[in-house]
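*Asks:* You'll find entry_20.txt just under this line, and it carries compact mmCIF, C-alpha atoms.
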# COMPACT_ATOMS: atom_id res chain seq x y z
CA MET A 1 69.57 122.04 125.31
CA ALA A 2 65.79 122.45 125.34
CA LYS A 3 63.79 120.90 122.52
CA LEU A 4 63.60 123.26 119.56
CA TRP A 5 61.68 121.14 117.08
CA GLY A 6 57.91 121.08 116.69
CA GLY A 7 54.98 118.79 116.09
CA GLU A 8 55.93 117.48 112.65
CA THR A 9 59.26 116.27 114.01
CA ASP A 10 57.50 114.59 116.93
CA LYS A 11 55.24 112.75 114.46
CA ALA A 12 58.25 111.57 112.46
CA VAL A 13 60.06 110.34 115.58
CA ASP A 14 56.93 108.42 116.55
CA ASN A 15 56.37 107.04 113.04
CA PHE A 16 59.89 105.86 112.30
CA PRO A 17 61.41 103.99 115.28
CA ILE A 18 63.53 101.97 112.84
CA SER A 19 67.29 102.06 113.31
CA GLY A 20 68.15 104.60 115.97
CA GLU A 21 70.44 106.16 113.35
CA THR A 22 69.66 109.70 112.25
CA ILE A 23 70.28 111.55 108.99
CA PRO A 24 74.04 112.12 108.44
CA LEU A 25 75.09 115.39 110.03
CA PRO A 26 76.70 116.76 106.85
CA VAL A 27 73.24 116.64 105.24
CA ILE A 28 71.70 118.45 108.21
CA HIS A 29 74.42 121.09 108.05
CA TRP A 30 73.76 121.66 104.36
CA LEU A 31 70.01 121.89 104.97
CA GLY A 32 70.83 124.73 107.35
CA ARG A 33 73.07 126.42 104.80
CA ILE A 34 70.40 126.13 102.09
CA LYS A 35 67.78 127.65 104.40
CA ALA A 36 70.13 130.53 105.17
CA GLY A 37 70.81 131.16 101.50
CA ALA A 38 67.13 130.90 100.66
CA ALA A 39 66.22 133.51 103.27
CA ARG A 40 68.83 135.93 101.97
CA ALA A 41 67.68 135.43 98.39
CA ASN A 42 64.00 135.89 99.25
CA ALA A 43 64.85 139.10 101.09
CA GLN A 44 66.79 140.43 98.10
CA LEU A 45 63.83 139.58 95.88
CA GLY A 46 61.51 141.54 98.17
CA LEU A 47 59.55 138.47 99.17
CA LEU A 48 60.61 138.22 102.81
CA ASP A 49 60.99 140.84 105.51
CA LYS A 50 64.67 141.62 105.93
CA GLY A 51 64.57 141.25 109.71
CA VAL A 52 62.94 137.86 109.45
CA ALA A 53 65.37 136.85 106.70
CA THR A 54 68.35 137.88 108.79
CA ALA A 55 67.12 135.88 111.76
CA ILE A 56 66.49 132.83 109.58
CA ALA A 57 69.89 133.14 107.94
CA GLU A 58 71.67 133.38 111.28
CA ALA A 59 69.78 130.38 112.64
CA GLY A 60 70.41 128.42 109.44
CA MET A 61 74.13 129.08 109.65
CA GLY A 62 74.03 127.94 113.26
CA VAL A 63 72.65 124.65 111.99
CA ALA A 64 75.36 124.60 109.32
CA ARG A 65 78.05 125.06 111.97
CA GLY A 66 76.70 122.15 114.01
CA GLU A 67 75.41 124.24 116.90
CA PHE A 68 72.09 122.36 116.97
CA ASP A 69 73.15 118.82 116.08
CA ASP A 70 71.16 117.37 118.97
CA GLN A 71 67.92 118.82 117.56
CA PHE A 72 67.63 116.37 114.65
CA PRO A 73 66.25 113.11 116.07
CA VAL A 74 64.43 111.70 113.04
CA ASP A 75 65.50 108.23 111.95
CA VAL A 76 67.35 107.99 108.64
CA PHE A 77 64.85 105.35 107.49
CA GLN A 78 61.96 107.76 107.05
CA THR A 79 59.75 109.02 104.27
CA GLY A 80 61.74 108.57 101.06
CA SER A 81 61.76 112.22 100.04
CA GLY A 82 63.37 113.35 103.29
CA THR A 83 60.32 115.47 104.08
CA SER A 84 60.57 114.71 107.79
CA SER A 85 64.13 116.00 108.03
CA ASN A 86 63.29 119.08 105.97
CA MET A 87 60.37 119.83 108.31
CA ASN A 88 62.60 119.16 111.30
CA THR A 89 65.08 121.72 109.96
CA ASN A 90 62.34 124.25 109.24
CA GLU A 91 60.97 123.91 112.78
CA VAL A 92 64.34 124.26 114.51
CA ILE A 93 65.33 127.30 112.46
CA ALA A 94 61.91 128.91 112.96
CA LYS A 95 62.12 128.45 116.72
CA VAL A 96 65.66 129.84 116.94
CA ALA A 97 64.86 132.75 114.61
CA SER A 98 61.68 133.65 116.50
CA ARG A 99 63.73 134.18 119.65
CA GLU A 100 65.69 136.89 117.87
CA ILE A 101 62.72 138.97 116.69
CA LYS A 102 60.43 140.51 119.29
CA GLY A 103 56.76 140.36 118.43
CA VAL A 104 57.25 138.21 115.33
CA THR A 105 56.75 134.49 115.06
CA VAL A 106 58.84 133.00 112.26
CA HIS A 107 56.83 130.34 110.49
CA ALA A 108 58.49 127.05 109.59
CA ASN A 109 56.73 126.75 106.23
CA ASP A 110 55.74 130.26 105.19
CA HIS A 111 59.09 131.83 106.05
CA VAL A 112 61.87 129.24 106.47
CA ASN A 113 60.61 127.02 103.63
CA MET A 114 59.70 129.90 101.31
CA GLY A 115 60.32 129.04 97.66
CA GLN A 116 61.22 125.48 98.53
CA SER A 117 59.90 121.94 98.79
CA SER A 118 61.38 118.91 100.50
CA ASN A 119 61.52 117.42 97.00
CA ASP A 120 64.14 119.91 95.79
CA VAL A 121 65.78 120.97 99.06
CA PHE A 122 66.55 117.58 100.59
CA PRO A 123 68.26 116.04 97.54
CA SER A 124 70.16 119.29 97.06
CA ALA A 125 71.46 119.01 100.62
CA VAL A 126 72.51 115.40 100.02
CA HIS A 127 74.36 116.27 96.82
CA LEU A 128 76.13 119.21 98.39
CA ALA A 129 77.04 117.32 101.55
CA ALA A 130 78.64 114.61 99.43
CA LEU A 131 80.37 117.19 97.22
CA ASP A 132 81.73 118.98 100.29
CA GLU A 133 82.93 115.86 102.11
CA ILE A 134 84.54 114.37 99.02
CA THR A 135 86.25 117.62 98.04
CA HIS A 136 87.60 118.61 101.42
CA LYS A 137 88.17 115.24 103.11
CA LEU A 138 88.26 112.20 100.84
CA LEU A 139 90.29 113.57 97.93
CA PRO A 140 93.10 114.94 100.14
CA ALA A 141 93.26 111.60 101.98
CA LEU A 142 93.52 109.65 98.71
CA GLU A 143 96.11 112.03 97.29
CA ALA A 144 98.26 111.62 100.41
CA LEU A 145 97.96 107.82 100.15
CA GLU A 146 99.01 107.91 96.50
CA LYS A 147 102.09 109.95 97.41
CA SER A 148 102.98 107.43 100.11
CA PHE A 149 102.85 104.55 97.65
CA ALA A 150 104.83 106.57 95.11
CA ALA A 151 107.54 107.27 97.70
CA LYS A 152 107.78 103.57 98.53
CA ALA A 153 107.94 102.74 94.81
CA LYS A 154 111.00 104.96 94.51
CA GLU A 155 112.55 103.52 97.68
CA PHE A 156 112.02 99.93 96.51
CA GLY A 157 112.94 100.55 92.87
CA GLY A 158 116.03 98.30 92.77
CA LEU A 159 114.69 95.36 94.80
CA VAL A 160 114.04 92.39 92.55
CA LYS A 161 111.50 89.74 93.54
CA ALA A 162 109.47 86.98 91.97
CA GLY A 163 106.45 88.11 90.03
CA ARG A 164 103.24 86.15 90.51
CA THR A 165 100.29 85.41 88.26
CA HIS A 166 97.50 83.04 89.30
CA LEU A 167 99.34 82.97 92.68
CA MET A 168 102.06 81.02 90.86
CA ASP A 169 105.70 81.94 90.25
CA ALA A 170 106.19 84.30 87.31
CA VAL A 171 109.06 86.27 85.81
CA PRO A 172 110.89 88.69 88.11
CA VAL A 173 109.63 92.18 88.87
CA THR A 174 110.78 94.77 91.35
CA LEU A 175 109.03 95.62 94.57
CA GLY A 176 109.13 99.21 93.33
CA GLN A 177 107.17 98.30 90.22
CA GLU A 178 104.45 96.74 92.33
CA PHE A 179 104.21 99.81 94.57
CA ALA A 180 104.17 102.10 91.55
CA GLY A 181 101.18 100.10 90.36
CA TYR A 182 99.48 100.64 93.70
CA ALA A 183 100.17 104.38 93.50
CA ALA A 184 98.63 104.46 90.02
CA GLN A 185 95.54 102.56 91.22
CA VAL A 186 94.93 105.14 93.93
CA ARG A 187 95.66 108.00 91.54
CA LEU A 188 93.22 106.70 88.93
CA GLY A 189 90.61 106.10 91.62
CA THR A 190 91.02 109.69 92.74
CA GLN A 191 90.54 110.86 89.17
CA ARG A 192 87.41 108.75 88.82
CA VAL A 193 85.92 110.31 91.94
CA LYS A 194 86.85 113.82 90.79
CA ALA A 195 85.15 113.21 87.46
CA THR A 196 81.79 112.78 89.21
CA LEU A 197 81.90 116.10 91.05
CA PRO A 198 80.52 118.38 88.32
CA ARG A 199 77.33 116.31 88.15
CA LEU A 200 77.20 115.93 91.92
CA GLY A 201 77.19 119.73 92.08
CA MET A 202 74.12 119.99 89.87
CA ILE A 203 71.25 120.46 92.31
CA PRO A 204 67.47 120.53 91.78
CA LEU A 205 66.91 123.55 94.05
CA GLY A 206 64.15 125.75 92.63
CA GLY A 207 62.12 122.87 91.23
CA THR A 208 59.88 122.79 94.34
CA ALA A 209 57.33 119.94 94.30
CA THR A 210 57.72 118.45 90.81
CA GLY A 211 60.39 120.43 88.98
CA THR A 212 58.12 123.18 87.66
CA GLY A 213 59.25 125.76 90.21
CA LEU A 214 55.73 126.47 91.41
CA ASN A 215 55.62 129.13 94.17
CA THR A 216 59.24 130.18 93.73
CA HIS A 217 60.71 133.27 92.07
CA PRO A 218 62.48 132.51 88.77
CA LYS A 219 65.69 134.13 90.04
CA PHE A 220 65.57 132.36 93.42
CA ALA A 221 67.54 129.19 92.65
CA LYS A 222 70.45 130.93 90.94
CA MET A 223 70.72 133.47 93.74
CA VAL A 224 70.86 130.74 96.40
CA ARG A 225 73.41 128.73 94.40
CA ASP A 226 75.59 131.81 93.98
CA ILE A 227 75.40 132.61 97.70
CA MET A 228 76.43 129.09 98.70
CA ALA A 229 79.14 128.80 96.05
CA LYS A 230 80.69 132.08 97.19
CA GLU A 231 80.66 130.96 100.83
CA THR A 232 82.14 127.50 100.21
CA ASN A 233 84.16 127.76 96.97
CA LEU A 234 82.37 124.65 95.76
CA LYS A 235 81.18 124.40 92.17
CA ILE A 236 77.39 124.43 92.56
CA SER A 237 75.45 124.59 89.34
CA ALA A 238 72.01 124.43 87.79
CA PRO A 239 70.68 121.07 86.64
CA ALA A 240 70.88 120.07 83.00
CA ASP A 241 67.10 119.84 83.16
CA PRO A 242 64.90 120.46 86.23
CA PHE A 243 62.80 117.36 85.65
CA GLU A 244 65.84 115.13 85.23
CA ALA A 245 67.30 116.55 88.42
CA GLN A 246 64.20 115.95 90.50
CA ALA A 247 63.03 112.64 89.10
CA ASN A 248 66.23 110.68 89.68
CA ARG A 249 69.39 110.64 91.73
CA ASP A 250 71.81 109.48 89.04
CA GLY A 251 74.49 111.87 90.31
CA LEU A 252 74.54 110.06 93.65
CA VAL A 253 74.61 106.66 91.94
CA GLU A 254 77.53 107.76 89.78
CA ALA A 255 79.49 109.10 92.74
CA SER A 256 78.88 105.89 94.68
CA ALA A 257 80.11 103.83 91.74
CA ALA A 258 83.38 105.78 91.76
CA LEU A 259 83.73 105.20 95.50
CA LYS A 260 83.15 101.50 94.91
CA MET A 261 86.04 101.52 92.43
CA VAL A 262 88.29 103.05 95.08
CA ALA A 263 87.16 100.36 97.52
CA VAL A 264 87.96 97.65 94.96
CA SER A 265 91.43 99.08 94.39
CA LEU A 266 92.24 99.43 98.08
CA THR A 267 91.02 95.89 98.71
CA LYS A 268 93.33 94.50 96.03
CA ILE A 269 96.29 96.44 97.38
CA ALA A 270 95.63 95.48 100.99
CA ASN A 271 95.29 91.83 100.03
CA ASP A 272 98.64 91.93 98.22
CA LEU A 273 100.35 93.52 101.22
CA ALA A 274 98.91 90.92 103.58
CA TRP A 275 100.21 88.14 101.33
CA MET A 276 103.65 89.71 100.94
CA GLY A 277 103.91 90.24 104.67
CA SER A 278 102.82 86.71 105.55
CA GLY A 279 105.14 84.61 107.66
CA PRO A 280 107.49 85.26 109.29
CA ARG A 281 108.85 81.80 108.41
CA CYS A 282 106.09 79.91 106.64
CA GLY A 283 104.64 82.62 104.38
CA LEU A 284 105.93 84.74 101.52
CA GLY A 285 107.95 86.96 103.82
CA GLU A 286 108.82 89.66 101.28
CA ILE A 287 107.97 92.73 103.34
CA PHE A 288 107.68 93.65 106.99
CA LEU A 289 104.43 95.36 107.94
CA PRO A 290 104.43 97.61 111.02
CA GLU A 291 103.80 95.63 114.20
CA LEU A 292 100.91 97.41 115.88
CA GLN A 293 99.51 94.98 118.45
CA LYS A 294 99.51 91.37 119.62
CA GLY A 295 98.00 89.08 117.03
CA SER A 296 96.79 86.29 119.26
CA SER A 297 95.52 85.81 122.79
CA ILE A 298 97.15 82.37 122.91
CA MET A 299 100.04 82.25 120.40
CA PRO A 300 103.01 84.21 121.78
CA GLY A 301 104.72 86.64 119.44
CA LYS A 302 102.13 86.38 116.67
CA VAL A 303 101.56 89.57 114.69
CA ASN A 304 98.74 90.02 112.18
CA PRO A 305 98.23 92.36 109.18
CA VAL A 306 95.55 94.28 111.05
CA ILE A 307 95.46 97.39 108.88
CA PRO A 308 95.12 95.51 105.57
CA GLU A 309 92.35 93.51 107.23
CA VAL A 310 90.56 96.73 108.17
CA VAL A 311 90.95 98.05 104.64
CA MET A 312 89.42 94.89 103.18
CA GLN A 313 86.48 95.02 105.59
CA VAL A 314 85.81 98.65 104.71
CA GLY A 315 86.04 97.74 101.03
CA ALA A 316 83.31 95.15 101.50
CA GLN A 317 81.11 97.68 103.31
CA VAL A 318 81.51 100.33 100.62
CA ILE A 319 80.71 97.79 97.90
CA GLY A 320 77.60 96.82 99.86
CA ASN A 321 76.64 100.46 100.28
CA ASP A 322 76.94 100.94 96.54
CA THR A 323 74.66 97.99 95.86
CA ALA A 324 71.94 99.52 98.04
CA ILE A 325 72.43 102.93 96.40
CA THR A 326 72.16 101.34 92.97
CA VAL A 327 68.88 99.66 93.88
CA ALA A 328 67.60 102.89 95.44
CA GLY A 329 68.53 104.77 92.29
CA THR A 330 66.13 102.59 90.28
CA GLN A 331 63.21 103.62 92.49
CA GLY A 332 62.36 106.94 90.93
CA ASN A 333 58.69 107.09 89.99
CA PHE A 334 57.70 109.80 87.54
CA GLU A 335 58.73 113.18 89.06
CA LEU A 336 60.59 112.03 92.18
CA ASN A 337 62.97 109.44 93.52
CA VAL A 338 61.76 108.39 96.98
CA ARG A 339 64.73 106.48 98.40
CA ILE A 340 66.92 109.50 99.08
CA PRO A 341 67.55 109.10 102.84
CA LEU A 342 68.98 105.63 102.27
CA MET A 343 71.20 106.96 99.50
CA ALA A 344 72.34 109.80 101.74
CA ARG A 345 73.17 107.42 104.57
CA ASN A 346 75.16 105.00 102.44
CA LEU A 347 76.98 107.54 100.30
CA LEU A 348 78.08 109.70 103.23
CA GLN A 349 79.10 106.59 105.16
CA SER A 350 81.20 105.40 102.22
CA VAL A 351 82.90 108.79 101.96
CA ALA A 352 83.66 108.85 105.69
CA LEU A 353 84.90 105.25 105.77
CA LEU A 354 87.18 105.68 102.77
CA THR A 355 88.53 108.96 104.14
CA SER A 356 89.53 107.53 107.51
CA THR A 357 90.69 104.25 106.00
CA ALA A 358 92.95 105.92 103.45
CA THR A 359 94.54 107.94 106.25
CA VAL A 360 95.02 104.96 108.57
CA PHE A 361 96.29 102.80 105.70
CA ARG A 362 98.92 105.44 104.94
CA THR A 363 100.04 106.35 108.45
CA LYS A 364 99.84 102.98 110.18
CA CYS A 365 100.84 100.67 107.34
CA VAL A 366 102.26 101.95 104.05
CA ASP A 367 104.63 104.55 105.50
CA GLY A 368 106.16 101.94 107.80
CA ILE A 369 106.62 99.06 105.34
CA GLU A 370 110.16 97.70 105.15
CA PRO A 371 111.53 95.20 102.63
CA ASN A 372 112.68 91.73 103.66
CA LEU A 373 115.81 91.68 101.51
CA ASP A 374 116.56 87.99 102.02
CA GLY A 375 113.02 86.97 101.22
CA LEU A 376 112.89 89.12 98.08
CA LEU A 377 116.21 87.87 96.74
CA GLY A 378 115.46 84.24 97.56
CA HIS A 379 112.19 84.36 95.64
CA ALA A 380 113.73 86.26 92.75
CA GLU A 381 116.46 83.66 92.38
CA GLY A 382 114.07 80.79 92.98
CA THR A 383 111.39 81.50 90.41
CA LEU A 384 111.72 79.00 87.58
CA ALA A 385 109.72 81.35 85.38
CA ALA A 386 113.03 83.15 84.85
CA ALA A 387 113.58 80.52 82.15
CA THR A 388 111.24 82.66 80.03
CA ALA A 389 114.25 84.87 79.24
CA LEU A 390 115.97 81.85 77.63
CA ASN A 391 113.22 81.47 75.01
CA PRO A 392 114.86 83.74 72.39
CA TYR A 393 118.12 81.79 72.70
CA ILE A 394 117.10 78.15 73.06
CA GLY A 395 113.41 78.06 72.20
CA TYR A 396 110.26 77.46 74.24
CA ASP A 397 110.41 73.65 74.11
CA LEU A 398 113.93 73.26 75.51
CA ALA A 399 113.23 75.92 78.14
CA THR A 400 110.14 73.93 79.15
CA ASP A 401 112.21 70.76 79.54
CA ILE A 402 114.67 72.65 81.76
CA VAL A 403 111.88 73.98 83.97
CA LYS A 404 110.25 70.57 84.32
CA GLU A 405 113.52 68.94 85.30
CA ALA A 406 114.34 71.70 87.78
CA THR A 407 110.85 71.41 89.29
CA THR A 408 111.05 67.64 89.63
CA SER A 409 114.58 67.51 90.97
CA GLY A 410 114.54 70.67 93.05
CA ARG A 411 117.87 71.68 91.49
CA PRO A 412 118.75 75.26 90.44
CA LEU A 413 117.67 76.44 87.01
CA ARG A 414 121.20 77.27 85.92
CA GLU A 415 122.51 73.83 86.84
CA VAL A 416 119.86 72.02 84.82
CA ALA A 417 120.28 74.41 81.90
CA ARG A 418 124.01 73.68 81.77
CA GLU A 419 123.28 69.96 81.66
CA LYS A 420 120.92 70.60 78.75
CA GLY A 421 123.72 72.27 76.82
CA VAL A 422 123.13 75.96 77.44
CA ASP A 423 126.47 77.80 77.53
CA GLU A 424 127.53 80.01 80.43
CA ALA A 425 127.59 83.21 78.39
CA THR A 426 123.96 82.73 77.37
CA LEU A 427 122.95 81.96 80.95
CA ASN A 428 124.71 85.06 82.28
CA LYS A 429 123.13 87.23 79.64
CA ALA A 430 119.59 85.83 79.80
CA LEU A 431 119.25 85.19 83.54
CA ASN A 432 120.04 88.72 84.69
CA LEU A 433 117.22 89.30 87.16
CA LYS A 434 117.34 93.10 87.18
CA LYS A 435 117.35 93.27 83.40
CA MET A 436 114.48 90.79 83.29
CA ALA A 437 112.43 93.05 85.56
CA LYS A 438 112.91 95.92 83.13
CA GLY A 439 111.30 93.90 80.36
CA GLY A 440 112.09 93.99 76.66
CA LEU A 441 114.71 91.88 74.92
CA ILE A 442 117.73 90.89 77.01
Rewrite the structure from the file as structure tokens, please.

*Replies:*
Amino acid sequence: MAKLWGGETDKAVDNFPISGETIPLPVIHWLGRIKAGAARANAQLGLLDKGVATAIAEAGMGVARGEFDDQFPVDVFQTGSGTSSNMNTNEVIAKVASREIKGVTVHANDHVNMGQSSNDVFPSAVHLAALDEITHKLLPALEALEKSFAAKAKEFGGLVKAGRTHLMDAVPVTLGQEFAGYAAQVRLGTQRVKATLPRLGMIPLGGTATGTGLNTHPKFAKMVRDIMAKETNLKISAPADPFEAQANRDGLVEASAALKMVAVSLTKIANDLAWMGSGPRCGLGEIFLPELQKGSSIMPGKVNPVIPEVVMQVGAQVIGNDTAITVAGTQGNFELNVRIPLMARNLLQSVALLTSTATVFRTKCVDGIEPNLDGLLGHAEGTLAAATALNPYIGYDLATDIVKEATTSGRPLREVAREKGVDEATLNKALNLKKMAKGGLI
């Protein structure tokens, strides 16, 4: 496709040869949608010729649909307000719209950017891109993962195993209880992300350069929000205060923090699964993870927990992204934060990574996990922490002596307990592994 951008885009390409990575496409698509909505609103307000507005709106929606993705070459590490990408969008839409109207040249600033500034449009596009991607991609992926863990929790409900605290043997639990905990972690993470969406949907559109709304009609912002909300079914709302909305990007920082929490949860879960699947003979060997590929170029038959390893790497990346977003969020000076492209890059990357990772984690790992019945039972019967259930009958001190003797001698807990004078009826009652896993008094 022939070049559609103009001179301001060329300057930005020349000025910012930094990473070779451009602004995330969801942001570009939302810039196009905002321009389309703005043109329609300005026409309704009698500020823009209807023919010009229609051409701009059609071109803007073409950008929104991804028809001109190759026309946005500006590096993501650019001027901190995103002005270069806003100008790039204005130029592309003006060029496309001008082709549709004979005898009229659509102007990138006077027409396409009417009632707008990079300072309100670009952050609005970032917020709405994140809102859109989280709503329609990430949340469904997390909800499906939570259901997968919940199904496994039900499947594994009666399988007793050794609990572990400090990586040391603890009282028995069930594999189902552990997986129910994982399901709850994902569910709570999903709720945390959802809780950020109302503030993510508050956009500074209409504030123009500093939040005052200079050169824009007082009805403009609401009209554009209503147009976009109707088209997308997203909750897009006015800011709590126009100066708050323009001077900082706290909504992006908050959303990133929630994504970080999801990354932390998934990392913990993946680490547990890798440990439980370790072996097959010299590890914990409590579950079988799906065998997806050879685990070594030299050791025959070796299989590695590749999906949990991917999950943990993604978790580290998302946590790193959040750190950069947090720092960027502190960089608002007076009426504008000027680190928005970085925040856009990292937030949208985190959303995309967590979306694909949650899906892969579910389909290539969690759904295919099988219990190692022998390993589970062996550990359940072998944990000396089961002596905890004897405390109400024989006291902590005698139970401690029994555990120490069993540890030193390597003999079974029951055998040592009998030698210490504990009767068989008490042992049978107290050392019921399934009842122990249910908790309470036995």

*Asks:* What is the atom CA of A:Gln78-atom CA of A:Ile18 distance in Å, reported with one decimal?

*Replies:*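 Result for atom CA of A:Gln78 versus atom CA of A:Ile18: 8.3 Å, one decimal.
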
*Asks:* Hey, which of A:Ile402, A:Ile442, A:Ala97, A:Leu348 ends up closest to A:Lys137? Count all atoms listed in the file.

*Replies:*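 For A:Lys137, the nearest of the candidates is A:Leu348.
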
*Asks:* Just checking: using all atoms listed in the file, which residue out of A:Thr355, A:Ser265, A:Thr407, A:Thr89 ends up closest to A:Gly189?

*Replies:*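 Looking at the shortest contact to A:Gly189, the residue is A:Ser265.
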
*Asks:* Excluding A:Asp10 and any residue of its chain fewer than 3 positions from it, enumerate the residues within 10 Å of it, using only C-alpha atoms, and give them as a PyMOL selection string.

*Replies:* chain A and resi 5-7+13-15+73-74+84+88

*Asks:* Excluding A:Met436 and residues on its chain fewer than 4 positions from it, collect all residues at most 8 Å away from it, counting all atoms listed in the file, and give them as an mmCIF file with C-alpha atoms, in the coordinates of the input.

*Replies:*
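Once everything was written out, this is around_23.cif:
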data_model
loop_
_atom_site.group_PDB
_atom_site.id
_atom_site.type_symbol
_atom_site.label_atom_id
_atom_site.label_comp_id
_atom_site.auth_asym_id
_atom_site.auth_seq_id
_atom_site.Cartn_x
_atom_site.Cartn_y
_atom_site.Cartn_z
ATOM 1 C CA VAL A 171 109.060 86.270 85.810
ATOM 2 C CA PRO A 172 110.890 88.690 88.110
ATOM 3 C CA VAL A 173 109.630 92.180 88.870
ATOM 4 C CA ALA A 386 113.030 83.150 84.850
ATOM 5 C CA ALA A 389 114.250 84.870 79.240
ATOM 6 C CA ALA A 430 119.590 85.830 79.800
ATOM 7 C CA LEU A 431 119.250 85.190 83.540
ATOM 8 C CA ASN A 432 120.040 88.720 84.690
ATOM 9 C CA GLY A 440 112.090 93.990 76.660
ATOM 10 C CA ILE A 442 117.730 90.890 77.010
#

*Asks:* Give the answer as one residue: which of A:Ile319, A:Leu4, A:Lys147, A:Pro290 has the shortest atom-to-atom distance to A:Ser98, using all atoms listed in the file?

*Replies:*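 Comparing A:Ile319, A:Leu4, A:Lys147, A:Pro290 against A:Ser98, the winner is A:Leu4.
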
*Asks:* Check which residues of stretch 347-402 of chain A sit at most 12 Å from stretch 325-337 of chain A using only C-alpha atoms, and return one row each with the closest pair of atoms and their distance in Å to one decimal, ordered by chain and rising number, as JSON lines.

*Replies:*
{"residue": "A:Leu347", "atom": "CA", "partner": "A:Ile325", "partner_atom": "CA", "distance": 7.6}
{"residue": "A:Leu348", "atom": "CA", "partner": "A:Ile325", "partner_atom": "CA", "distance": 11.2}
{"residue": "A:Gln349", "atom": "CA", "partner": "A:Ile325", "partner_atom": "CA", "distance": 11.6}
{"residue": "A:Ser350", "atom": "CA", "partner": "A:Ile325", "partner_atom": "CA", "distance": 10.8}
